[in-house]
>>> print(open('final.tsv').read())   # TSV, C-alpha atoms and all ligand atoms
chain	number	residue	atom	x	y	z
B	1	MET	CA	-12.98	67.90	-20.03
B	2	ASN	CA	-11.63	65.40	-17.45
B	3	LYS	CA	-12.59	61.82	-18.30
B	4	LYS	CA	-14.76	60.31	-15.57
B	5	THR	CA	-13.88	56.78	-14.54
B	6	VAL	CA	-15.12	54.26	-12.00
B	7	LEU	CA	-12.54	55.70	-9.59
B	8	THR	CA	-14.00	59.21	-10.04
B	9	ILE	CA	-17.43	57.87	-9.10
B	10	LEU	CA	-16.17	56.02	-6.01
B	11	GLU	CA	-14.18	59.09	-4.94
B	12	LYS	CA	-17.30	61.24	-5.25
B	13	LYS	CA	-19.05	59.12	-2.64
B	14	ARG	CA	-16.07	59.46	-0.30
B	15	LEU	CA	-16.09	63.24	-0.74
B	16	ASN	CA	-19.86	63.45	-0.36
B	17	ASP	CA	-20.03	65.06	-3.80
B	18	LYS	CA	-23.33	64.25	-5.55
B	19	ILE	CA	-23.10	62.06	-8.66
B	20	THR	CA	-25.08	63.02	-11.78
B	21	MET	CA	-26.34	60.57	-14.38
B	22	LEU	CA	-28.73	60.82	-17.33
B	23	THR	CA	-29.79	58.34	-19.96
B	24	CYS	CA	-28.82	58.91	-23.61
B	25	TYR	CA	-29.47	56.85	-26.70
B	26	ASP	CA	-27.86	58.79	-29.58
B	27	TYR	CA	-24.83	60.79	-30.68
B	28	ILE	CA	-26.18	64.34	-30.60
B	29	THR	CA	-27.85	64.02	-27.19
B	30	ALA	CA	-24.68	62.49	-25.74
B	31	LYS	CA	-22.69	65.39	-27.16
B	32	LEU	CA	-25.00	67.96	-25.54
B	33	VAL	CA	-25.25	66.11	-22.22
B	34	SER	CA	-21.54	65.39	-21.82
B	35	SER	CA	-20.62	68.99	-22.76
B	36	GLN	CA	-22.25	70.04	-19.47
B	37	GLY	CA	-20.02	67.81	-17.34
B	38	ILE	CA	-22.41	65.00	-16.42
B	39	ASP	CA	-20.62	62.24	-14.45
B	40	MET	CA	-22.24	59.18	-16.02
B	41	ILE	CA	-24.29	58.49	-19.13
B	42	LEU	CA	-26.55	55.44	-19.07
B	43	VAL	CA	-27.60	53.84	-22.32
B	44	GLY	CA	-30.66	52.47	-20.57
B	45	ASP	CA	-32.86	49.72	-21.89
B	46	SER	CA	-35.60	52.34	-21.38
B	47	LEU	CA	-34.53	52.74	-25.01
B	48	GLY	CA	-37.28	50.18	-25.64
B	49	ASN	CA	-39.97	52.51	-24.29
B	50	VAL	CA	-38.76	55.96	-25.25
B	51	LYS	CA	-37.02	55.37	-28.59
B	52	LEU	CA	-38.27	52.09	-30.03
B	53	GLY	CA	-41.91	52.44	-28.99
B	54	TYR	CA	-42.25	49.09	-27.20
B	55	GLU	CA	-44.68	48.69	-24.32
B	56	ASN	CA	-41.83	47.70	-21.98
B	57	THR	CA	-38.09	46.94	-22.00
B	58	LEU	CA	-38.40	43.18	-22.57
B	59	PRO	CA	-37.99	43.08	-26.40
B	60	VAL	CA	-34.72	45.07	-26.32
B	61	THR	CA	-31.77	43.02	-27.61
B	62	VAL	CA	-28.01	43.04	-27.03
B	63	GLU	CA	-27.69	44.24	-30.67
B	64	ASP	CA	-29.99	47.21	-29.92
B	65	MET	CA	-27.87	48.13	-26.90
B	66	ILE	CA	-24.61	47.85	-28.86
B	67	TYR	CA	-25.96	49.94	-31.76
B	68	HIS	CA	-27.10	52.78	-29.47
B	69	THR	CA	-23.99	52.59	-27.26
B	70	LYS	CA	-21.79	53.10	-30.35
B	71	SER	CA	-23.77	56.19	-31.26
B	72	VAL	CA	-23.60	57.61	-27.71
B	73	LYS	CA	-19.89	56.79	-27.50
B	74	ARG	CA	-19.17	58.98	-30.54
B	75	GLY	CA	-20.88	61.96	-28.87
B	76	ASN	CA	-19.65	61.49	-25.31
B	77	SER	CA	-16.77	63.71	-24.31
B	78	GLY	CA	-16.03	62.77	-20.70
B	79	ALA	CA	-18.80	60.90	-18.89
B	80	LEU	CA	-18.40	57.33	-17.68
B	81	LEU	CA	-20.41	55.32	-20.20
B	82	VAL	CA	-22.66	52.64	-18.69
B	83	THR	CA	-24.92	50.39	-20.78
B	84	ASP	CA	-27.84	48.27	-19.60
B	85	MET	CA	-27.70	44.53	-20.21
B	86	PRO	CA	-31.14	43.74	-21.67
B	87	PHE	CA	-33.62	41.16	-20.40
B	88	MET	CA	-32.33	37.55	-20.62
B	89	SER	CA	-28.84	38.56	-21.72
B	90	TYR	CA	-27.37	37.75	-18.28
B	91	GLU	CA	-29.89	35.71	-16.28
B	92	ILE	CA	-29.47	32.25	-17.81
B	93	THR	CA	-25.81	31.31	-17.34
B	94	THR	CA	-22.69	33.08	-16.09
B	95	GLU	CA	-21.08	32.37	-19.51
B	96	ASP	CA	-23.92	34.22	-21.25
B	97	ALA	CA	-23.60	37.06	-18.79
B	98	VAL	CA	-19.84	37.47	-19.32
B	99	LYS	CA	-20.06	37.00	-23.10
B	100	ASN	CA	-22.82	39.59	-23.52
B	101	ALA	CA	-21.14	42.05	-21.14
B	102	ALA	CA	-17.93	41.62	-23.16
B	103	ARG	CA	-19.80	42.35	-26.42
B	104	ILE	CA	-21.27	45.53	-24.96
B	105	ILE	CA	-17.76	46.66	-23.93
B	106	LYS	CA	-15.81	45.49	-27.01
B	107	GLU	CA	-18.34	46.20	-29.78
B	108	GLY	CA	-20.36	49.03	-28.21
B	109	GLY	CA	-17.56	50.82	-26.41
B	110	ALA	CA	-19.31	50.99	-23.02
B	111	GLU	CA	-17.10	51.22	-19.94
B	112	ALA	CA	-19.47	49.47	-17.54
B	113	VAL	CA	-22.73	47.51	-17.62
B	114	LYS	CA	-25.86	47.61	-15.46
B	115	VAL	CA	-27.94	44.60	-14.46
B	116	GLU	CA	-31.22	44.32	-12.57
B	117	GLY	CA	-31.62	42.12	-9.49
B	118	GLY	CA	-30.04	41.05	-6.20
B	119	ILE	CA	-29.09	37.72	-4.64
B	120	GLU	CA	-30.72	35.73	-7.48
B	121	ILE	CA	-28.14	37.02	-10.00
B	122	ILE	CA	-25.19	37.42	-7.66
B	123	ASP	CA	-23.07	34.77	-9.46
B	124	LYS	CA	-23.55	36.75	-12.71
B	125	ILE	CA	-22.54	40.06	-11.12
B	126	LYS	CA	-19.43	38.42	-9.66
B	127	ALA	CA	-18.51	36.71	-12.94
B	128	ILE	CA	-18.88	39.93	-14.98
B	129	SER	CA	-16.90	41.95	-12.45
B	130	ASP	CA	-14.20	39.24	-12.20
B	131	ALA	CA	-13.91	39.46	-16.01
B	132	LYS	CA	-12.78	43.09	-15.55
B	133	VAL	CA	-16.08	44.67	-16.54
B	134	PRO	CA	-17.32	47.25	-14.00
B	135	VAL	CA	-20.91	46.52	-12.92
B	136	VAL	CA	-23.74	48.74	-11.68
B	137	GLY	CA	-26.54	46.94	-9.80
B	138	HIS	CA	-30.20	47.94	-9.97
B	139	LEU	CA	-32.66	47.28	-7.12
B	140	GLY	CA	-36.19	48.30	-6.10
B	141	LEU	CA	-38.39	48.68	-9.14
B	142	THR	CA	-36.70	46.57	-11.80
B	143	PRO	CA	-38.62	47.13	-15.06
B	144	GLN	CA	-37.37	43.85	-16.60
B	145	ALA	CA	-39.48	42.06	-13.93
B	146	ILE	CA	-42.70	43.77	-15.13
B	147	ASN	CA	-44.50	40.47	-15.78
B	148	LYS	CA	-43.88	39.44	-12.16
B	149	ILE	CA	-44.55	42.74	-10.43
B	150	GLY	CA	-47.57	43.68	-12.57
B	151	SER	CA	-47.12	47.47	-12.69
B	152	PHE	CA	-44.57	50.21	-12.20
B	153	LYS	CA	-45.33	51.07	-8.59
B	154	VAL	CA	-43.30	52.00	-5.51
B	155	GLN	CA	-41.47	48.96	-4.11
B	156	CYS	CA	-40.59	47.80	-0.58
B	157	ARG	CA	-43.76	48.49	1.33
B	158	THR	CA	-43.24	45.77	3.95
B	159	GLU	CA	-40.43	45.27	6.48
B	160	ASN	CA	-39.43	41.99	4.80
B	161	GLU	CA	-39.14	43.69	1.41
B	162	CYS	CA	-37.04	46.49	2.95
B	163	ASN	CA	-34.74	43.97	4.65
B	164	LYS	CA	-34.35	42.04	1.39
B	165	LEU	CA	-33.38	45.19	-0.47
B	166	ILE	CA	-30.76	46.06	2.17
B	167	SER	CA	-29.25	42.56	2.09
B	168	ASP	CA	-29.36	42.53	-1.76
B	169	ALA	CA	-27.47	45.85	-1.83
B	170	LYS	CA	-24.81	44.44	0.50
B	171	VAL	CA	-24.28	41.27	-1.54
B	172	ILE	CA	-24.10	43.25	-4.77
B	173	GLU	CA	-21.35	45.34	-3.22
B	174	GLU	CA	-19.51	42.21	-2.02
B	175	ALA	CA	-19.81	40.66	-5.49
B	176	GLY	CA	-17.88	43.58	-6.98
B	177	ALA	CA	-20.44	46.15	-8.22
B	178	PHE	CA	-19.12	49.71	-8.06
B	179	ALA	CA	-22.53	51.42	-7.77
B	180	VAL	CA	-26.19	50.55	-7.41
B	181	VAL	CA	-29.29	52.21	-8.86
B	182	LEU	CA	-32.25	52.34	-6.45
B	183	GLU	CA	-35.54	52.83	-8.29
B	184	ALA	CA	-38.93	53.75	-6.82
B	185	VAL	CA	-38.30	52.99	-3.15
B	186	PRO	CA	-39.17	55.02	-0.03
B	187	GLU	CA	-36.70	57.78	0.76
B	188	GLN	CA	-35.80	56.50	4.24
B	189	LEU	CA	-34.94	53.04	2.91
B	190	ALA	CA	-32.70	54.55	0.21
B	191	ARG	CA	-31.06	56.65	2.93
B	192	GLU	CA	-30.36	53.55	5.05
B	193	VAL	CA	-28.90	51.65	2.07
B	194	THR	CA	-26.73	54.65	1.18
B	195	HIS	CA	-25.30	54.65	4.74
B	196	CYS	CA	-24.70	50.87	4.73
B	197	LEU	CA	-22.68	50.79	1.51
B	198	GLU	CA	-19.22	51.96	0.53
B	199	ILE	CA	-20.24	52.05	-3.13
B	200	PRO	CA	-22.52	54.91	-4.25
B	201	THR	CA	-26.29	54.66	-4.59
B	202	ILE	CA	-27.87	56.38	-7.60
B	203	GLY	CA	-31.55	57.14	-7.05
B	204	ILE	CA	-34.48	57.42	-9.43
B	205	GLY	CA	-37.65	57.96	-7.44
B	206	ALA	CA	-35.64	57.09	-4.32
B	207	GLY	CA	-35.57	60.50	-2.63
B	208	ARG	CA	-32.95	62.99	-1.59
B	209	TYR	CA	-30.35	60.98	0.30
B	210	CYS	CA	-28.80	58.82	-2.42
B	211	ASP	CA	-25.22	59.57	-3.45
B	212	GLY	CA	-26.43	60.54	-6.92
B	213	GLN	CA	-29.47	60.86	-9.15
B	214	VAL	CA	-30.41	59.48	-12.56
B	215	LEU	CA	-33.33	60.43	-14.83
B	216	VAL	CA	-34.49	59.28	-18.24
B	217	ILE	CA	-33.56	62.21	-20.49
B	218	ASP	CA	-36.83	62.19	-22.42
B	219	ASP	CA	-38.72	62.56	-19.12
B	220	MET	CA	-36.69	65.48	-17.80
B	221	LEU	CA	-36.77	67.28	-21.16
B	222	GLY	CA	-40.55	66.90	-21.39
B	223	MET	CA	-40.51	64.84	-24.58
B	224	ILE	CA	-43.25	62.54	-23.32
B	225	ASP	CA	-46.34	64.50	-22.40
B	226	ASN	CA	-48.94	61.84	-21.73
B	227	PHE	CA	-47.39	60.49	-18.48
B	228	GLN	CA	-45.31	62.20	-15.82
B	229	PRO	CA	-44.17	60.14	-12.80
B	230	LYS	CA	-44.13	62.09	-9.52
B	231	PHE	CA	-40.36	61.70	-9.09
B	232	VAL	CA	-39.52	63.41	-12.41
B	233	LYS	CA	-38.68	67.10	-12.54
B	234	LYS	CA	-39.37	68.53	-15.98
B	235	TYR	CA	-36.49	70.84	-16.90
B	236	ALA	CA	-37.92	71.71	-20.32
B	237	ASP	CA	-41.09	71.25	-22.35
B	238	LEU	CA	-39.57	70.00	-25.58
B	239	SER	CA	-42.66	68.21	-26.88
B	240	LYS	CA	-44.49	71.57	-26.92
B	241	ILE	CA	-41.52	73.32	-28.56
B	242	ILE	CA	-41.14	70.61	-31.22
B	243	ARG	CA	-44.85	70.57	-32.06
B	244	ALA	CA	-44.94	74.36	-32.42
B	245	ALA	CA	-41.79	74.35	-34.60
B	246	VAL	CA	-43.16	71.65	-36.90
B	247	LYS	CA	-46.51	73.43	-37.19
B	248	ASN	CA	-44.69	76.70	-38.09
B	249	TYR	CA	-42.64	74.88	-40.72
B	250	ILE	CA	-45.73	73.32	-42.31
B	251	ASP	CA	-47.51	76.69	-42.36
B	252	ASP	CA	-44.42	78.47	-43.78
B	253	VAL	CA	-43.98	75.95	-46.61
B	254	LYS	CA	-47.68	76.02	-47.49
B	255	GLU	CA	-47.78	79.83	-47.46
B	256	GLY	CA	-44.54	80.21	-49.44
B	257	LYS	CA	-42.73	81.85	-46.49
B	258	PHE	CA	-39.97	79.24	-46.54
B	259	PRO	CA	-37.48	79.15	-48.20
B	260	GLN	CA	-36.72	82.88	-48.27
B	261	GLU	CA	-34.08	84.94	-50.04
B	262	GLY	CA	-31.47	84.06	-47.39
B	263	ASN	CA	-32.08	80.32	-47.72
B	264	VAL	CA	-31.38	79.94	-51.44
B	265	TYR	CA	-28.18	79.47	-53.51
B	266	LYS	CA	-27.56	82.07	-56.20
M	301	LIG	O1	-33.26	51.84	-18.46
M	301	LIG	C1	-33.11	52.87	-17.80
M	301	LIG	O2	-33.23	54.00	-18.29
M	301	LIG	C2	-32.82	52.72	-16.38
M	301	LIG	C3	-32.93	53.96	-15.53
M	301	LIG	C4	-34.35	54.24	-15.27
M	301	LIG	C5	-32.15	53.86	-14.29
M	301	LIG	O3	-32.54	51.67	-15.92
>>> encode(input="final.tsv", output="structure tokens")
Amino acid sequence: MNKKTVLTILEKKRLNDKITMLTCYDYITAKLVSSQGIDMILVGDSLGNVKLGYENTLPVTVEDMIYHTKSVKRGNSGALLVTDMPFMSYEITTEDAVKNAARIIKEGGAEAVKVEGGIEIIDKIKAISDAKVPVVGHLGLTPQAINKIGSFKVQCRTENECNKLISDAKVIEEAGAFAVVLEAVPEQLAREVTHCLEIPTIGIGAGRYCDGQVLVIDDMLGMIDNFQPKFVKKYADLSKIIRAAVKNYIDDVKEGKFPQEGNVYK
């Protein structure tokens, strides 16, 4: 399978060819996902919620991201591998930002990093990109800001907020980012940003007009059945399948139906 690079992603925008991205956190999922020709895999810090059982993404560490990136890297066969920089690994100083981005690339094997925020972290985006690490921006709902924003709701409801998002997207592009994730913003705003930028927009809850789409894999596979955001399309109901399989296994073992003749060594 052709290896996807930053250039592939930029070219896709030019050709008006939609970009596909999913999150992954482990070897076997990355193997399955990349075998289908996905453009980008994101080792998201949503890892904190969906794999580590935290309430939010804030406790996730650089070590966590490196550990899971290494696992995904071993399964990935062609997607561009992007890893989230976790909370407080890039906000404090530009040196921290570059050092931690470098660790994620050198130790984890990621090919790009993603950071949340606009003008307030622009020096960090520029420094990371100048250090030859491709950067993806992330605007709109930025889960690392949960303690400031209070809840995971749609962003940019006022004209000022919309204008700020547009100017943030432009400065991120100028600072050297090669793509920007737009999360939980009105469709028309995402459409405007997509038209303003030369770099691609990747939407999650940002409507139909972004250059690409990203989803958390556990959401789209139906692994989490107690909450379903409106913007998620469930492509499978794995939690139901897994529960039924485990129940069958328990019943089989208890009733002596497993193992059977074909499962034993003679
Ligand atoms: O952490 C993550 O999975 C993300 C996606 C929701 C874009 O940032």
>>> residues_around(input="final.tsv", residues="B:Pro229", least_positions_apart="6", cutoff="10 Å", atoms="all atoms listed in the file", output="list of chain:residue names")
B:Phe152, B:Gly205, B:Asp219
>>> write_last_selection(input="final.tsv", atoms="C-alpha atoms", output="PDB file, keeping the file's coordinate frame")
ATOM      1  CA  PHE B 152     -44.570  50.210 -12.200  1.00  0.00           C
ATOM      2  CA  GLY B 205     -37.650  57.960  -7.440  1.00  0.00           C
ATOM      3  CA  ASP B 219     -38.720  62.560 -19.120  1.00  0.00           C
TER       4      ASP B 219
END
>>> residues_near_ligand(input="final.tsv", ligand="ligand LIG 301 (chain M)", cutoff="9 Å", atoms="only C-alpha atoms and all ligand atoms", output="PyMOL selection string")
chain B and resi 21-24+42-49+57+83-84+86+114-116+138+142-143+181-183+202-204+214-217
>>> residues_around(input="final.tsv", residues="B:Gly137", least_positions_apart="5", cutoff="12 Å", atoms="all atoms listed in the file", output="MDAnalysis selection string")
chainID B and resid 82:85 112:119 121:122 124:126 128:129 142 165 168:183 199:203
>>> residues_around(input="final.tsv", residues="B:Val6", least_positions_apart="3", cutoff="8 Å", atoms="only C-alpha atoms", output="ChimeraX atom specification")
/B:9-10,80,134,178
>>> atom_distance(input="final.tsv", atom1="atom CA of B:Asp237", atom2="atom CA of B:Asp26")
19.6 Å
>>> residues_near_point(input="final.tsv", point="(-15.2, 63.1, -21.2)", cutoff="10 Å", atoms="all atoms listed in the file", output="PyMOL selection string")
chain B and resi 1-5+31+34-35+37-40+75-81
>>> decode(input="final.tsv", residues="stretch 91-105 of chain B", atoms="all heavy atoms", output="compact mmCIF listing (two decimals), in the first residue's frame")
# COMPACT_ATOMS: atom_id res chain seq x y z
N GLU B 91 2.51 23.73 26.26
CA GLU B 91 1.99 25.07 26.53
C GLU B 91 2.98 25.98 27.27
O GLU B 91 2.90 27.19 27.18
CB GLU B 91 0.71 24.99 27.38
CG GLU B 91 -0.49 24.41 26.66
CD GLU B 91 -0.65 22.93 26.89
OE1 GLU B 91 0.37 22.24 27.10
OE2 GLU B 91 -1.79 22.44 26.86
N ILE B 92 3.91 25.38 28.03
CA ILE B 92 4.68 26.19 28.98
C ILE B 92 5.81 26.97 28.30
O ILE B 92 5.85 28.19 28.38
CB ILE B 92 5.19 25.32 30.16
CG1 ILE B 92 3.99 24.65 30.84
CG2 ILE B 92 5.95 26.18 31.18
CD1 ILE B 92 4.33 23.53 31.79
N THR B 93 6.70 26.25 27.63
CA THR B 93 7.78 26.95 26.90
C THR B 93 7.93 26.33 25.51
O THR B 93 7.55 25.17 25.30
CB THR B 93 9.14 26.81 27.63
OG1 THR B 93 9.52 25.43 27.61
CG2 THR B 93 9.10 27.33 29.05
N THR B 94 8.55 27.09 24.62
CA THR B 94 8.78 26.53 23.27
C THR B 94 9.78 25.38 23.35
O THR B 94 9.68 24.42 22.60
CB THR B 94 9.30 27.60 22.28
OG1 THR B 94 10.39 28.26 22.88
CG2 THR B 94 8.24 28.58 21.89
N GLU B 95 10.74 25.47 24.32
CA GLU B 95 11.71 24.35 24.46
C GLU B 95 10.99 23.06 24.83
O GLU B 95 11.25 22.01 24.26
CB GLU B 95 12.75 24.64 25.56
CG GLU B 95 13.88 25.51 25.12
CD GLU B 95 13.68 26.92 25.64
OE1 GLU B 95 12.82 27.65 25.09
OE2 GLU B 95 14.34 27.26 26.62
N ASP B 96 10.07 23.16 25.82
CA ASP B 96 9.27 21.99 26.20
C ASP B 96 8.54 21.43 25.00
O ASP B 96 8.50 20.23 24.77
CB ASP B 96 8.15 22.42 27.17
CG ASP B 96 8.57 22.35 28.60
OD1 ASP B 96 9.69 21.91 28.86
OD2 ASP B 96 7.75 22.76 29.45
N ALA B 97 7.92 22.35 24.25
CA ALA B 97 7.10 21.93 23.10
C ALA B 97 7.95 21.16 22.09
O ALA B 97 7.57 20.07 21.66
CB ALA B 97 6.46 23.15 22.45
N VAL B 98 9.13 21.70 21.76
CA VAL B 98 9.98 21.04 20.76
C VAL B 98 10.53 19.73 21.32
O VAL B 98 10.53 18.70 20.63
CB VAL B 98 11.12 21.99 20.30
CG1 VAL B 98 12.07 21.27 19.35
CG2 VAL B 98 10.54 23.22 19.62
N LYS B 99 10.97 19.75 22.58
CA LYS B 99 11.53 18.54 23.19
C LYS B 99 10.50 17.41 23.23
O LYS B 99 10.79 16.27 22.86
CB LYS B 99 11.95 18.83 24.64
CG LYS B 99 13.45 18.95 24.79
CD LYS B 99 13.81 19.01 26.27
CE LYS B 99 15.00 19.93 26.44
NZ LYS B 99 15.10 20.53 27.75
N ASN B 100 9.28 17.73 23.65
CA ASN B 100 8.26 16.68 23.75
C ASN B 100 7.80 16.21 22.37
O ASN B 100 7.55 15.02 22.18
CB ASN B 100 7.08 17.17 24.60
CG ASN B 100 7.45 17.22 26.08
OD1 ASN B 100 8.16 16.34 26.58
ND2 ASN B 100 6.99 18.24 26.79
N ALA B 101 7.71 17.15 21.42
CA ALA B 101 7.36 16.73 20.05
C ALA B 101 8.44 15.81 19.51
O ALA B 101 8.15 14.76 18.90
CB ALA B 101 7.21 17.96 19.15
N ALA B 102 9.71 16.14 19.78
CA ALA B 102 10.83 15.32 19.31
C ALA B 102 10.77 13.93 19.93
O ALA B 102 11.03 12.93 19.25
CB ALA B 102 12.15 16.00 19.64
N ARG B 103 10.40 13.82 21.21
CA ARG B 103 10.30 12.50 21.86
C ARG B 103 9.21 11.66 21.19
O ARG B 103 9.38 10.46 20.97
CB ARG B 103 9.94 12.68 23.35
CG ARG B 103 11.11 13.14 24.19
CD ARG B 103 10.80 12.92 25.67
NE ARG B 103 10.68 11.52 25.98
CZ ARG B 103 10.07 11.03 27.06
NH1 ARG B 103 9.51 11.85 27.94
NH2 ARG B 103 10.01 9.75 27.28
N ILE B 104 8.09 12.32 20.88
CA ILE B 104 6.97 11.59 20.26
C ILE B 104 7.38 11.06 18.88
O ILE B 104 7.01 9.96 18.48
CB ILE B 104 5.71 12.49 20.23
CG1 ILE B 104 5.17 12.64 21.66
CG2 ILE B 104 4.65 11.95 19.29
CD1 ILE B 104 4.10 13.70 21.84
N ILE B 105 8.21 11.84 18.18
CA ILE B 105 8.69 11.40 16.85
C ILE B 105 9.78 10.34 17.01
O ILE B 105 9.70 9.26 16.43
CB ILE B 105 9.24 12.62 16.05
CG1 ILE B 105 8.17 13.71 15.88
CG2 ILE B 105 9.82 12.17 14.70
CD1 ILE B 105 7.02 13.39 14.99
